[in-house]
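Novice: This structure is in structure tokens; I'll ask about it shortly.
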Amino acid sequence: MSNGNAAKELGTASIGRLLIQYSLPAIIATAASSIYNVVDRIFIGQGVGPYAISGLALTLPLLNFFAAFGAMIGVGASTMVSIYMGQRNDEDAVRTLGNAFILNIILSIITSVFGYIFLDDILMLMGASENTLPYAREFMEIAFIGNLLVHIYLGLNHIMRASGYPQKSMYITLTTVAINVVLAPIYIFVFHWGIRGAALATLCGQIVGTIIVLRHFLNHEKPLHFEPGCFKLKGKIVSNILTIGLPNFAMLLCASMVVVIMNRSLGIYGGDFAIGAFGIINSLLNLIAMIVAGFTQGMQPIAGFNFGARNLDRVKQVFKLTLVCGSSVTILGFVASELFPRFIASMFTTDSQLIELSAHGLRIALAAFAIVGIQMVTSNFFQSIGRPKIALVLSMTRQLIFLIPALLILPHIGNLGLTGVWLSMPVSDTLAALATIGTLIYFVKVKKIFTNYEYKLK
């Protein structure tokens, strides 16, 4: 297998051009994925009703749980592929691809069977009521069918991007999004299939995306492709994939836990509509976060390849540039949420009560969002250079270490109630950013990660 010109450019081309080349497709792809979630909520809110938005919000922890496994395998495998390619270790790059494919199949089957058996119990634990449970159940029953496709598609799409095909990865994601956006209104407004129609539209897009990405890696003309023997699980390969991908898994798993606690707290202090308001707020948060994630995904193969090749100056350059880009995005998100909260909320629903709850929550929840880009980029950077433990801790600060205690404490201070639930988000954002800055300063000043050539992959 040859690494190809696309991979070789990672060590020689301009950092700015490379970041644009790799980030732009990733941004378009990740933002498009988030946009079709936003579109789903808009169609469901306008075509089914406010309780359906709340029901859909309840499915988010389960969807994040599924995505956590796919992201763990995809990000872990793509990082190792980048590093192996930088080291010109083609054999382990191919084994990583095959092992990632098998791991995705195994994990998707296990999670689907478990989730389907205990679906109603899980949804009730997440805060479902008799008004919202039917909507959540209908959506998840279809989502379970597509779980295997989600794992394969997400995992292999990450590897495709890291192996020198960022634009093709983008086109595949755009194709899945386009299918969903076209079919969702037809299924909801024409066929009147309700929330089940939205789930079916998503499933159709996933089927097409999975077929295309599998065809890519079955093509022996590609620099990285399936080869005989690559599917046999190897302890070293599996360990590297799971260890490197663990921060992404932990981040999404923590997100699921947080949403469960958030939904239960919102149900107590604000009822079903407060849960729906969080669904709207979370749609905007995910959209912004996915744009930042696009930059970090663009950074990953550049940082990983050059770290493997010991080009530390280039590693430093791509980190600094990504940090500026990611922070600019979260600052814009903060400004939009503070200036236009009612406009954003009214896109999803015409219900006045839900609009007021969403606008109020949006202003408070994103009050410190301007500094979130620092935390997101830095934690992903450590992951890109093969430091999963550091990345894991940093990724957990915002969504677990600080947010969950804040969620449990703030609503009870001075009878803050619902306002306390919203306040927990900017409090955790601030503390996580401070912890990240302190960690970064330590590794730059003391460990000298950008100048010490003995600072190697563990």
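So you can find residues: chains in the structure tokens are A, B, ... in the order shown, residues in each start at 1, and ligands are numbered from 1 in order.
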Between stretch 349-407 of chain A and stretch 232-248 of chain A, at 7 Å or less, what are the per-residue closest atom pairs and their distances in Å? Count only C-alpha atoms, order by chain and rising residue number, and return it as CSV.

Specialist:
```
residue,atom,partner,partner_atom,distance
A:Gln383,CA,A:Ile244,CA,6.5
A:Gly386,CA,A:Ile244,CA,6.4
A:Pro388,CA,A:Ile244,CA,5.1
A:Ala391,CA,A:Pro247,CA,5.9
A:Leu392,CA,A:Pro247,CA,4.1
A:Ser395,CA,A:Pro247,CA,6.4
```

Novice: Atoms to include: N, CA and C atoms. Write the selected residues as a CSV table (one decimal), in the first residue's frame.

Specialist:
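Output (again.csv):
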```csv
chain,number,residue,atom,x,y,z
A,383,GLN,N,-5.5,14.4,22.2
A,383,GLN,CA,-5.9,13.1,21.6
A,383,GLN,C,-5.2,12.9,20.3
A,386,GLY,N,-1.8,11.4,20.5
A,386,GLY,CA,-1.7,10.2,21.2
A,386,GLY,C,-1.6,10.3,22.7
A,388,PRO,N,-4.2,10.1,25.2
A,388,PRO,CA,-5.6,10.0,25.5
A,388,PRO,C,-6.0,10.3,27.0
A,391,ALA,N,-6.4,14.0,27.3
A,391,ALA,CA,-7.6,14.4,26.6
A,391,ALA,C,-8.9,13.9,27.3
A,392,LEU,N,-8.8,12.7,27.9
A,392,LEU,CA,-10.0,12.2,28.6
A,392,LEU,C,-10.4,13.0,29.8
A,395,SER,N,-11.8,16.4,28.6
A,395,SER,CA,-13.1,16.3,28.0
A,395,SER,C,-14.2,16.0,29.1
```

Novice: Contacts of A:Phe231 at 10 Å or less, counting only C-alpha atoms, minus same-chain residues fewer than 3 places along, as a list in words?

Specialist: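 Within the cut-off, the hits are Val94, Arg95, Thr96, Leu97, Gly98, Asn99, Ala100, Phe101, Ile102, Leu103, Phe226, Glu227, Pro228 and Lys234 of chain A.
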
Novice: Write the residues of the preceding selection, restricted to N, CA and C atoms, as a PDB file, in the first residue's frame.

Specialist:
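Generated output (result-v9.pdb):
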```
ATOM      1  N   VAL A  94      -3.438  -0.727   7.814  1.00  0.00           N
ATOM      2  CA  VAL A  94      -4.463  -1.609   7.232  1.00  0.00           C
ATOM      3  C   VAL A  94      -5.131  -2.438   8.316  1.00  0.00           C
ATOM      4  N   ARG A  95      -4.342  -2.967   9.245  1.00  0.00           N
ATOM      5  CA  ARG A  95      -4.924  -3.752  10.336  1.00  0.00           C
ATOM      6  C   ARG A  95      -5.864  -2.908  11.189  1.00  0.00           C
ATOM      7  N   THR A  96      -5.495  -1.654  11.384  1.00  0.00           N
ATOM      8  CA  THR A  96      -6.354  -0.750  12.156  1.00  0.00           C
ATOM      9  C   THR A  96      -7.696  -0.569  11.460  1.00  0.00           C
ATOM     10  N   LEU A  97      -7.688  -0.398  10.150  1.00  0.00           N
ATOM     11  CA  LEU A  97      -8.929  -0.268   9.378  1.00  0.00           C
ATOM     12  C   LEU A  97      -9.813  -1.489   9.559  1.00  0.00           C
ATOM     13  N   GLY A  98      -9.262  -2.690   9.364  1.00  0.00           N
ATOM     14  CA  GLY A  98     -10.055  -3.911   9.477  1.00  0.00           C
ATOM     15  C   GLY A  98     -10.564  -4.159  10.874  1.00  0.00           C
ATOM     16  N   ASN A  99      -9.724  -3.916  11.870  1.00  0.00           N
ATOM     17  CA  ASN A  99     -10.142  -4.112  13.257  1.00  0.00           C
ATOM     18  C   ASN A  99     -11.238  -3.133  13.652  1.00  0.00           C
ATOM     19  N   ALA A 100     -11.146  -1.888  13.165  1.00  0.00           N
ATOM     20  CA  ALA A 100     -12.175  -0.889  13.461  1.00  0.00           C
ATOM     21  C   ALA A 100     -13.526  -1.328  12.901  1.00  0.00           C
ATOM     22  N   PHE A 101     -13.536  -1.895  11.706  1.00  0.00           N
ATOM     23  CA  PHE A 101     -14.772  -2.370  11.078  1.00  0.00           C
ATOM     24  C   PHE A 101     -15.429  -3.459  11.927  1.00  0.00           C
ATOM     25  N   ILE A 102     -14.646  -4.450  12.374  1.00  0.00           N
ATOM     26  CA  ILE A 102     -15.192  -5.546  13.175  1.00  0.00           C
ATOM     27  C   ILE A 102     -15.677  -5.049  14.531  1.00  0.00           C
ATOM     28  N   LEU A 103     -14.920  -4.174  15.160  1.00  0.00           N
ATOM     29  CA  LEU A 103     -15.325  -3.639  16.463  1.00  0.00           C
ATOM     30  C   LEU A 103     -16.650  -2.898  16.365  1.00  0.00           C
ATOM     31  N   PHE A 226      -9.446  -2.479   2.525  1.00  0.00           N
ATOM     32  CA  PHE A 226      -9.525  -3.784   3.181  1.00  0.00           C
ATOM     33  C   PHE A 226      -8.615  -4.783   2.460  1.00  0.00           C
ATOM     34  N   GLU A 227      -7.865  -5.532   3.259  1.00  0.00           N
ATOM     35  CA  GLU A 227      -6.995  -6.562   2.715  1.00  0.00           C
ATOM     36  C   GLU A 227      -7.200  -7.862   3.489  1.00  0.00           C
ATOM     37  N   PRO A 228      -6.920  -9.012   2.882  1.00  0.00           N
ATOM     38  CA  PRO A 228      -7.074 -10.292   3.580  1.00  0.00           C
ATOM     39  C   PRO A 228      -6.299 -10.307   4.893  1.00  0.00           C
ATOM     40  N   LYS A 234      -6.502  -7.883  16.644  1.00  0.00           N
ATOM     41  CA  LYS A 234      -5.176  -7.938  17.238  1.00  0.00           C
ATOM     42  C   LYS A 234      -5.179  -7.110  18.523  1.00  0.00           C
TER      43      LYS A 234
END
```

Novice: Excluding same-chain residues fewer than 6 positions from A:Thr439, what lies within 10 Å of it counting only C-alpha atoms, as JSON, numbers by chain?

Specialist: {"A": [378, 379, 390, 394, 433]}

Novice: Quick one: pick out all alpha helix (DSSP H) residues within stretch 224-381 of chain A from a backbone DSSP run and write them as a ChimeraX atom specification.

Specialist: /A:235-269,272-308,312-339,341-346,352-365,372-381

Novice: I'd like the contact shell of A:Ser23 - 7 Å cut-off, only C-alpha atoms, skipping same-chain residues fewer than 3 positions apart - returned as a ChimeraX atom specification.

Specialist: /A:19-20,26-27,294-295,297-298

Novice: Write out as a tab-separated table a residue-level contact list of stretch 184-298 of chain A versus stretch 109-127 of chain A with cut-off 12 Å: for each qualifying residue the closest pair of atoms and the distance in Å to one decimal, counting only C-alpha atoms, rows sorted by chain and residue number upward.

Specialist:
```
residue	atom	partner	partner_atom	distance
A:Ser256	CA	A:Met126	CA	9.7
A:Met257	CA	A:Met126	CA	9.2
A:Val258	CA	A:Met126	CA	10.3
A:Val259	CA	A:Met126	CA	8.1
A:Val260	CA	A:Met126	CA	4.9
A:Ile261	CA	A:Met126	CA	7.5
A:Met262	CA	A:Met126	CA	9.0
A:Asn263	CA	A:Gly127	CA	5.9
A:Arg264	CA	A:Gly127	CA	5.0
A:Ser265	CA	A:Gly127	CA	8.6
A:Leu266	CA	A:Gly127	CA	8.8
A:Gly267	CA	A:Gly127	CA	6.7
A:Ile268	CA	A:Gly127	CA	9.1
A:Gly271	CA	A:Gly127	CA	9.7
A:Asp272	CA	A:Gly127	CA	8.9
A:Ala274	CA	A:Gly127	CA	11.5
A:Ile275	CA	A:Gly127	CA	8.8
A:Gly276	CA	A:Gly127	CA	11.7
```

Novice: What does the file look like for those residues with N, CA and C atoms, as a short mmCIF file (atom, residue, chain, number, x, y, z; two decimals), in the first residue's frame?

Specialist:
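What landed in part36.cif:
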```cif
data_model
loop_
_atom_site.label_atom_id
_atom_site.label_comp_id
_atom_site.auth_asym_id
_atom_site.auth_seq_id
_atom_site.Cartn_x
_atom_site.Cartn_y
_atom_site.Cartn_z
N SER A 256 -24.54 12.08 27.53
CA SER A 256 -25.78 11.32 27.75
C SER A 256 -26.21 11.40 29.21
N MET A 257 -25.26 11.22 30.11
CA MET A 257 -25.56 11.30 31.54
C MET A 257 -26.07 12.67 31.92
N VAL A 258 -25.42 13.69 31.36
CA VAL A 258 -25.82 15.07 31.66
C VAL A 258 -27.24 15.34 31.18
N VAL A 259 -27.55 14.88 29.96
CA VAL A 259 -28.89 15.11 29.42
C VAL A 259 -29.94 14.40 30.26
N VAL A 260 -29.63 13.20 30.74
CA VAL A 260 -30.57 12.48 31.61
C VAL A 260 -30.85 13.29 32.87
N ILE A 261 -29.77 13.74 33.52
CA ILE A 261 -29.93 14.53 34.74
C ILE A 261 -30.62 15.85 34.44
N MET A 262 -30.23 16.46 33.31
CA MET A 262 -30.83 17.73 32.90
C MET A 262 -32.33 17.56 32.66
N ASN A 263 -32.70 16.53 31.91
CA ASN A 263 -34.12 16.31 31.61
C ASN A 263 -34.93 16.05 32.87
N ARG A 264 -34.37 15.27 33.77
CA ARG A 264 -35.10 14.99 35.01
C ARG A 264 -35.26 16.27 35.85
N SER A 265 -34.19 17.07 35.90
CA SER A 265 -34.27 18.34 36.65
C SER A 265 -35.26 19.29 35.99
N LEU A 266 -35.21 19.37 34.66
CA LEU A 266 -36.14 20.24 33.95
C LEU A 266 -37.58 19.78 34.12
N GLY A 267 -37.77 18.46 34.14
CA GLY A 267 -39.11 17.93 34.35
C GLY A 267 -39.66 18.32 35.71
N ILE A 268 -38.78 18.32 36.72
CA ILE A 268 -39.20 18.67 38.08
C ILE A 268 -39.53 20.15 38.20
N GLY A 271 -41.40 21.06 33.88
CA GLY A 271 -42.34 20.20 33.17
C GLY A 271 -41.86 19.81 31.78
N ASP A 272 -42.77 19.20 31.01
CA ASP A 272 -42.43 18.68 29.68
C ASP A 272 -41.93 19.76 28.74
N ALA A 274 -40.24 22.43 29.46
CA ALA A 274 -38.86 22.79 29.79
C ALA A 274 -37.89 21.81 29.14
N ILE A 275 -38.29 20.53 29.11
CA ILE A 275 -37.48 19.52 28.42
C ILE A 275 -37.42 19.84 26.93
N GLY A 276 -38.55 20.25 26.37
CA GLY A 276 -38.58 20.65 24.96
C GLY A 276 -37.70 21.86 24.70
#
```

Novice: Using only C-alpha atoms, which of the listed residues (A:Pro50, A:Gly164, A:Gly55, A:Gly209) sits closest to A:Val81?

Specialist: A:Gly164

Novice: Would you pick out the contacts of A:Tyr187 at 12 Å or less, using only C-alpha atoms, so that residues sharing its chain but fewer than 6 positions from it are not included, and give the list as a list in words?

Specialist: Asp40, Phe43, Ile44, Gly47, Val48, Ile179, Asn180, Val181, Trp193, Gly194, Ile195, Arg196, Gly197, Ala198, Ala199, Leu200, Ala201, Thr202 and Cys204 of chain A

Novice: Could you dump the residues just selected with N, CA and C atoms as a tab-separated table (two decimals), in the first residue's frame?

Specialist:
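Below is the file that was written, again14.tsv:
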```tsv
chain	number	residue	atom	x	y	z
A	40	ASP	N	-34.89	18.26	11.60
A	40	ASP	CA	-35.82	17.27	12.16
A	40	ASP	C	-36.69	17.89	13.24
A	43	PHE	N	-39.17	20.40	11.69
A	43	PHE	CA	-40.28	19.70	11.04
A	43	PHE	C	-41.21	19.05	12.07
A	44	ILE	N	-40.60	18.42	13.08
A	44	ILE	CA	-41.41	17.76	14.10
A	44	ILE	C	-42.18	18.78	14.93
A	47	GLY	N	-44.83	20.21	12.51
A	47	GLY	CA	-45.75	19.25	11.92
A	47	GLY	C	-46.39	18.27	12.87
A	48	VAL	N	-45.78	18.07	14.05
A	48	VAL	CA	-46.32	17.10	15.00
A	48	VAL	C	-46.79	17.79	16.29
A	179	ILE	N	-30.59	13.47	1.68
A	179	ILE	CA	-31.66	12.46	1.65
A	179	ILE	C	-32.60	12.66	2.83
A	180	ASN	N	-32.04	12.92	3.99
A	180	ASN	CA	-32.87	13.12	5.18
A	180	ASN	C	-33.74	14.37	5.07
A	181	VAL	N	-33.12	15.47	4.62
A	181	VAL	CA	-33.84	16.74	4.54
A	181	VAL	C	-34.97	16.68	3.50
A	193	TRP	N	-46.64	10.45	8.76
A	193	TRP	CA	-46.05	9.39	9.58
A	193	TRP	C	-45.50	9.91	10.90
A	194	GLY	N	-45.65	11.21	11.16
A	194	GLY	CA	-45.26	11.79	12.44
A	194	GLY	C	-43.77	11.65	12.73
A	195	ILE	N	-43.45	11.46	14.01
A	195	ILE	CA	-42.05	11.39	14.42
A	195	ILE	C	-41.37	10.14	13.86
A	196	ARG	N	-42.16	9.10	13.59
A	196	ARG	CA	-41.61	7.90	12.97
A	196	ARG	C	-41.10	8.21	11.56
A	197	GLY	N	-41.76	9.12	10.88
A	197	GLY	CA	-41.33	9.52	9.55
A	197	GLY	C	-39.98	10.20	9.57
A	198	ALA	N	-39.73	11.03	10.59
A	198	ALA	CA	-38.43	11.69	10.72
A	198	ALA	C	-37.32	10.65	10.92
A	199	ALA	N	-37.61	9.65	11.74
A	199	ALA	CA	-36.62	8.60	11.98
A	199	ALA	C	-36.36	7.78	10.72
A	200	LEU	N	-37.40	7.50	9.94
A	200	LEU	CA	-37.25	6.74	8.70
A	200	LEU	C	-36.42	7.51	7.67
A	201	ALA	N	-36.61	8.83	7.62
A	201	ALA	CA	-35.83	9.65	6.70
A	201	ALA	C	-34.35	9.58	7.05
A	202	THR	N	-34.05	9.63	8.35
A	202	THR	CA	-32.66	9.52	8.80
A	202	THR	C	-32.08	8.16	8.44
A	204	CYS	N	-32.89	6.17	5.97
A	204	CYS	CA	-32.62	6.09	4.53
A	204	CYS	C	-31.28	6.73	4.18
```

Novice: Can you tell me which residues surround A:Ala303 at a distance of at most 7 Å, considering only C-alpha atoms, apart from same-chain residues fewer than 5 positions away, and format the answer as a ChimeraX atom specification?

Specialist: /A:315,318,384-385

Novice: Quick one, how far is atom CA of A:Ala128 from atom CA of A:Phe278?

Specialist: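 Taking atom CA of A:Ala128 as the start and atom CA of A:Phe278 as the end point, the length is 13.9 Å.
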
Novice: Restricting the calculation to only C-alpha atoms, which member of A:Ala57, A:Met347, A:Ile212, A:Val75 is positioned closest to A:Val39?

Specialist: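 Ranking A:Ala57, A:Met347, A:Ile212, A:Val75 by distance to A:Val39, first place goes to A:Met347.
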
Novice: Near A:Ser352, within 12 Å and counting only C-alpha atoms, which residues show up once chain neighbours fewer than 3 positions away are dropped, as a list in words?

Specialist: Pro50, Phe273, Ala277, Arg342, Phe343, Ala345, Ser346, Met347, Phe348, Thr349, Ile355, Glu356, Leu357, Ser358 and Ala359 of chain A

Novice: For the residues in the current selection, export N, CA and C atoms as a JSON list (two decimals), in the first residue's frame.

Specialist:
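Writing done, so here's out_19.json:
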```
[["chain", "number", "residue", "atom", "x", "y", "z"],
["A", 50, "PRO", "N", -45.50, 20.39, 20.11],
["A", 50, "PRO", "CA", -44.48, 20.64, 21.13],
["A", 50, "PRO", "C", -44.13, 19.42, 21.97],
["A", 273, "PHE", "N", -42.49, 20.96, 28.83],
["A", 273, "PHE", "CA", -42.09, 22.02, 27.92],
["A", 273, "PHE", "C", -40.66, 22.51, 28.21],
["A", 277, "ALA", "N", -37.69, 22.81, 25.65],
["A", 277, "ALA", "CA", -36.84, 24.00, 25.50],
["A", 277, "ALA", "C", -35.37, 23.59, 25.46],
["A", 342, "ARG", "N", -35.17, 34.74, 21.03],
["A", 342, "ARG", "CA", -36.57, 34.47, 20.65],
["A", 342, "ARG", "C", -36.67, 34.08, 19.18],
["A", 343, "PHE", "N", -35.89, 34.70, 18.34],
["A", 343, "PHE", "CA", -35.91, 34.36, 16.92],
["A", 343, "PHE", "C", -35.48, 32.90, 16.72],
["A", 345, "ALA", "N", -35.66, 30.44, 18.93],
["A", 345, "ALA", "CA", -36.68, 29.55, 19.48],
["A", 345, "ALA", "C", -37.90, 29.44, 18.56],
["A", 346, "SER", "N", -38.28, 30.56, 17.95],
["A", 346, "SER", "CA", -39.49, 30.58, 17.11],
["A", 346, "SER", "C", -39.31, 29.79, 15.82],
["A", 347, "MET", "N", -38.07, 29.45, 15.46],
["A", 347, "MET", "CA", -37.84, 28.62, 14.29],
["A", 347, "MET", "C", -38.37, 27.19, 14.51],
["A", 348, "PHE", "N", -38.41, 26.77, 15.76],
["A", 348, "PHE", "CA", -38.77, 25.40, 16.08],
["A", 348, "PHE", "C", -40.24, 25.20, 16.41],
["A", 349, "THR", "N", -40.89, 26.23, 16.89],
["A", 349, "THR", "CA", -42.26, 26.07, 17.35],
["A", 349, "THR", "C", -43.01, 27.39, 17.29],
["A", 355, "ILE", "N", -41.60, 28.98, 23.38],
["A", 355, "ILE", "CA", -40.68, 30.02, 22.90],
["A", 355, "ILE", "C", -40.09, 30.80, 24.06],
["A", 356, "GLU", "N", -40.93, 31.19, 25.03],
["A", 356, "GLU", "CA", -40.45, 31.96, 26.17],
["A", 356, "GLU", "C", -39.47, 31.15, 27.02],
["A", 357, "LEU", "N", -39.80, 29.90, 27.27],
["A", 357, "LEU", "CA", -38.91, 29.04, 28.06],
["A", 357, "LEU", "C", -37.56, 28.86, 27.36],
["A", 358, "SER", "N", -37.61, 28.67, 26.05],
["A", 358, "SER", "CA", -36.39, 28.43, 25.27],
["A", 358, "SER", "C", -35.51, 29.68, 25.22],
["A", 359, "ALA", "N", -36.12, 30.84, 24.99],
["A", 359, "ALA", "CA", -35.35, 32.09, 24.91],
["A", 359, "ALA", "C", -34.69, 32.42, 26.24]]
```
